[in-house]
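The structure appears below as structure tokens.
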Amino acid sequence: MASKQEASSKSTNPALDPDLDNPDHPGLEFAQFAAGCFWGVELAFQRIDGVVKTEVGYSQGHVHDPNYKIVCSGTTDHAEVIRIQFDPNVCPYTNLLSLFWSRIDPTALNRQGNDVGNQYRSGIYYYNEAQAQLARESLEAKQKEFKDKKIVTEILPAKRFYRAEEYHQQYLEKGGGRGAKQSAAKGCNDPIRCYG
């Protein structure tokens, strides 16, 4: 007969755990956003001063260790997310929120542009109560711009982050499917072209 502890550990789903990873260096913080396809939004965040590292992956779902194919099936409830390591002394969290809102249609349910499906929903996934409060305040401010439409962007605690396959990382900076590299230089404001 299994002990209570063994039974309890068998019923836990690691995909539902909080993201307990630590940033690479002291003084850095994590931020996590879902904003449709993760390629373009990653490049936008790479260009911000104070963003030290970006990774794309999957979060907020119920399947442990998902991959791109299963996430695209729509059965795991994962969102395509970007996880950012940033220096809050150089880049306040509010700067990240401003960029996030500028990159999405927050009233579009389970889609951004031509990308349709639950994995393309918009979300802010916070790591602490300060981030949660700033996220809620930013949503309230943004809602005033959309008088007749309701914002559907979710604001939830960051769950376990699953890094996407290597070919997705810095995809547009590396040239994407067409081999046309795009600049990730800090402060670059070239238009971002998304292509597979």
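In the structure tokens, each chain is lettered A, B, ... as it comes, each chain's residues begin at 1, and ligands are numbered from 1 in order of appearance.
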Which residues of region 148-178 of chain A have any atom within 7 Å of an atom in region 41-57 of chain A when counting only C-alpha atoms, and what is the closest pair of atoms for each, with the distance in Å to one decimal? Order the rows by chain and rising number and write it as CSV.
residue,atom,partner,partner_atom,distance
A:Phe161,CA,A:Gly57,CA,6.7
A:Tyr162,CA,A:Gly57,CA,5.4
A:Arg163,CA,A:Gly57,CA,4.2
A:Ala164,CA,A:Gly57,CA,4.1
A:Gln169,CA,A:Val56,CA,6.0
A:Gln170,CA,A:Leu43,CA,6.9
A:Leu172,CA,A:Leu43,CA,6.8
A:Glu173,CA,A:Leu43,CA,6.9
Next on the checklist: If you run DSSP on the backbone here, which positions in region 38-104 of chain A get strand (DSSP E)? Please write them as an NGL selection string.
Outcome noted: :A and (51-59 or 79-86)
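Distances here use only C-alpha atoms; by that measure, the residue among A:Leu28, A:Ala180, A:Cys91, A:Leu16 closest to His78 (chain A) is A:Leu16.
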Checklist outcome for this item: Across A:Asp115, A:Phe38, A:Thr107, A:Ala15, the smallest distance to Lys147 (chain A), with only C-alpha atoms counted, is shown by A:Thr107
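Residue nearest Gln143 (chain A) within the list A:Asp105, A:Asp17, A:Cys72, A:Pro92: A:Asp105 [criterion: smallest interatomic distance, only C-alpha atoms].
Nearest-residue note for Gly36 (chain A): choosing from A:Val63, A:Leu139, A:Leu109, A:Leu156, the minimum distance belongs to A:Leu109, counting only C-alpha atoms.
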So that I can check the surroundings of Tyr58 (chain A), please list as a CSV table (one decimal) with N, CA, C and O atoms, in the first residue's frame every protein, DNA and RNA residue that reaches within 12 Å of it, counting only C-alpha atoms and ignoring chain neighbours fewer than 4 positions away.
chain,number,residue,atom,x,y,z
A,15,ALA,N,3.3,20.4,-14.4
A,15,ALA,CA,2.9,21.5,-15.4
A,15,ALA,C,2.1,22.6,-14.7
A,15,ALA,O,2.1,23.7,-15.1
A,16,LEU,N,1.4,22.2,-13.6
A,16,LEU,CA,0.6,23.2,-12.8
A,16,LEU,C,1.4,23.9,-11.7
A,16,LEU,O,0.8,24.8,-11.1
A,19,ASP,N,6.4,28.6,-11.6
A,19,ASP,CA,7.7,28.6,-12.3
A,19,ASP,C,8.7,29.0,-11.2
A,19,ASP,O,8.7,30.2,-10.7
A,32,GLN,N,6.9,37.0,-17.8
A,32,GLN,CA,6.4,36.0,-18.8
A,32,GLN,C,5.1,36.6,-19.4
A,32,GLN,O,4.2,37.0,-18.7
A,33,PHE,N,5.1,36.5,-20.7
A,33,PHE,CA,3.9,37.0,-21.5
A,33,PHE,C,3.5,36.1,-22.6
A,33,PHE,O,4.4,35.4,-23.2
A,34,ALA,N,2.2,36.0,-22.9
A,34,ALA,CA,1.7,35.4,-24.1
A,34,ALA,C,1.1,36.4,-24.9
A,34,ALA,O,0.3,37.2,-24.5
A,35,ALA,N,1.5,36.4,-26.2
A,35,ALA,CA,1.1,37.5,-27.1
A,35,ALA,C,1.0,37.0,-28.5
A,35,ALA,O,1.5,37.6,-29.5
A,36,GLY,N,0.3,35.8,-28.7
A,36,GLY,CA,0.2,35.2,-30.0
A,36,GLY,C,1.5,34.4,-30.3
A,36,GLY,O,2.2,33.9,-29.4
A,37,CYS,N,1.8,34.3,-31.6
A,37,CYS,CA,3.1,33.6,-32.0
A,37,CYS,C,4.3,34.2,-31.3
A,37,CYS,O,4.4,35.4,-31.2
A,38,PHE,N,5.1,33.4,-30.7
A,38,PHE,CA,6.2,33.9,-29.8
A,38,PHE,C,7.3,34.5,-30.6
A,38,PHE,O,8.2,35.2,-30.0
A,62,HIS,N,-1.6,21.9,-19.0
A,62,HIS,CA,-1.7,20.8,-18.0
A,62,HIS,C,-0.9,19.5,-18.4
A,62,HIS,O,-1.0,18.5,-17.7
A,63,VAL,N,-0.1,19.6,-19.5
A,63,VAL,CA,0.7,18.5,-19.9
A,63,VAL,C,2.2,18.8,-19.6
A,63,VAL,O,2.7,19.8,-19.9
A,64,HIS,N,2.8,17.8,-18.8
A,64,HIS,CA,4.2,18.0,-18.5
A,64,HIS,C,5.1,17.8,-19.7
A,64,HIS,O,4.9,16.8,-20.5
A,65,ASP,N,6.1,18.6,-19.9
A,65,ASP,CA,7.1,18.6,-20.9
A,65,ASP,C,6.5,18.5,-22.3
A,65,ASP,O,6.7,17.6,-23.1
A,66,PRO,N,5.7,19.5,-22.7
A,66,PRO,CA,5.0,19.5,-24.0
A,66,PRO,C,6.0,19.9,-25.1
A,66,PRO,O,7.1,20.4,-24.8
A,67,ASN,N,5.6,19.6,-26.3
A,67,ASN,CA,6.4,20.0,-27.5
A,67,ASN,C,5.5,20.8,-28.4
A,67,ASN,O,4.3,20.9,-28.2
A,68,TYR,N,6.1,21.4,-29.4
A,68,TYR,CA,5.3,22.3,-30.3
A,68,TYR,C,4.2,21.6,-31.0
A,68,TYR,O,3.0,22.2,-31.1
A,69,LYS,N,4.4,20.4,-31.4
A,69,LYS,CA,3.3,19.7,-32.1
A,69,LYS,C,2.1,19.5,-31.2
A,69,LYS,O,0.9,19.7,-31.6
A,70,ILE,N,2.3,19.0,-30.0
A,70,ILE,CA,1.2,18.7,-29.1
A,70,ILE,C,0.5,20.1,-28.6
A,70,ILE,O,-0.7,20.1,-28.5
A,71,VAL,N,1.3,21.1,-28.4
A,71,VAL,CA,0.7,22.4,-28.1
A,71,VAL,C,-0.2,22.9,-29.2
A,71,VAL,O,-1.3,23.4,-29.0
A,72,CYS,N,0.3,22.7,-30.4
A,72,CYS,CA,-0.5,23.2,-31.6
A,72,CYS,C,-1.8,22.3,-31.8
A,72,CYS,O,-2.7,22.8,-32.5
A,76,THR,N,-3.6,20.8,-24.8
A,76,THR,CA,-2.9,20.9,-23.6
A,76,THR,C,-3.1,22.1,-22.8
A,76,THR,O,-2.7,22.2,-21.7
A,77,ASP,N,-3.8,23.1,-23.4
A,77,ASP,CA,-4.1,24.4,-22.8
A,77,ASP,C,-2.9,25.3,-22.6
A,77,ASP,O,-3.0,26.3,-21.9
A,78,HIS,N,-1.8,24.9,-23.2
A,78,HIS,CA,-0.6,25.8,-23.1
A,78,HIS,C,-0.7,27.0,-23.9
A,78,HIS,O,-1.4,27.0,-25.0
A,79,ALA,N,-0.1,28.1,-23.5
A,79,ALA,CA,0.1,29.3,-24.4
A,79,ALA,C,1.5,29.3,-24.8
A,79,ALA,O,2.4,28.9,-24.1
A,80,GLU,N,1.7,29.9,-26.0
A,80,GLU,CA,3.1,30.2,-26.5
A,80,GLU,C,3.5,31.4,-25.7
A,80,GLU,O,2.8,32.4,-25.7
A,81,VAL,N,4.5,31.3,-25.0
A,81,VAL,CA,5.0,32.4,-24.1
A,81,VAL,C,6.4,32.8,-24.4
A,81,VAL,O,7.2,32.0,-24.9
A,82,ILE,N,6.7,34.0,-23.9
A,82,ILE,CA,8.1,34.4,-23.9
A,82,ILE,C,8.4,34.7,-22.4
A,82,ILE,O,7.7,35.3,-21.7
A,83,ARG,N,9.6,34.1,-22.0
A,83,ARG,CA,10.1,34.4,-20.6
A,83,ARG,C,11.3,35.3,-20.8
A,83,ARG,O,12.2,35.0,-21.5
A,118,ASN,N,-6.1,28.4,-28.9
A,118,ASN,CA,-5.9,28.7,-27.5
A,118,ASN,C,-4.5,29.0,-27.2
A,118,ASN,O,-4.2,29.8,-26.3
A,119,GLN,N,-3.5,28.4,-27.9
A,119,GLN,CA,-2.1,28.7,-27.7
A,119,GLN,C,-1.7,30.1,-28.0
A,119,GLN,O,-0.6,30.5,-27.7
A,120,TYR,N,-2.5,30.8,-28.8
A,120,TYR,CA,-2.2,32.2,-29.2
A,120,TYR,C,-3.0,33.2,-28.4
A,120,TYR,O,-3.0,34.4,-28.8
A,121,ARG,N,-3.5,32.8,-27.2
A,121,ARG,CA,-4.2,33.8,-26.4
A,121,ARG,C,-3.2,34.8,-25.8
A,121,ARG,O,-2.0,34.6,-25.9
A,125,TYR,N,1.7,36.7,-17.1
A,125,TYR,CA,1.9,35.7,-16.0
A,125,TYR,C,3.0,36.3,-15.1
A,125,TYR,O,4.2,36.4,-15.4
A,158,ALA,N,2.6,33.0,-12.9
A,158,ALA,CA,3.5,32.2,-13.8
A,158,ALA,C,3.5,30.8,-13.4
A,158,ALA,O,3.9,30.5,-12.3
A,159,LYS,N,3.2,29.9,-14.3
A,159,LYS,CA,3.3,28.4,-14.0
A,159,LYS,C,4.6,28.0,-14.6
A,159,LYS,O,5.3,28.7,-15.3
A,160,ARG,N,4.9,26.7,-14.4
A,160,ARG,CA,6.2,26.1,-14.9
A,160,ARG,C,6.4,26.5,-16.4
A,160,ARG,O,5.5,26.4,-17.2
A,161,PHE,N,7.6,26.9,-16.7
A,161,PHE,CA,8.0,27.3,-18.1
A,161,PHE,C,8.7,26.1,-18.7
A,161,PHE,O,9.6,25.5,-18.1
A,162,TYR,N,8.2,25.7,-19.9
A,162,TYR,CA,8.9,24.7,-20.7
A,162,TYR,C,9.5,25.3,-21.9
A,162,TYR,O,8.8,25.8,-22.8
A,163,ARG,N,10.8,25.3,-22.0
A,163,ARG,CA,11.5,25.9,-23.1
A,163,ARG,C,11.1,25.2,-24.4
A,163,ARG,O,11.1,24.0,-24.5
A,164,ALA,N,10.8,26.0,-25.4
A,164,ALA,CA,10.5,25.5,-26.7
A,164,ALA,C,11.8,24.9,-27.4
A,164,ALA,O,12.9,25.2,-27.0
A,165,GLU,N,11.5,24.2,-28.4
A,165,GLU,CA,12.6,23.5,-29.2
A,165,GLU,C,13.6,24.6,-29.6
A,165,GLU,O,13.2,25.8,-29.9
A,168,HIS,N,13.1,27.4,-32.4
A,168,HIS,CA,12.2,28.5,-32.1
A,168,HIS,C,12.9,29.6,-31.4
A,168,HIS,O,12.4,30.8,-31.4
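Compared by their closest atoms to Glu154 (chain A), and using only C-alpha atoms, the residues A:Asn95, A:Ser122, A:Gln112, A:Gln85 rank with A:Ser122 nearest.
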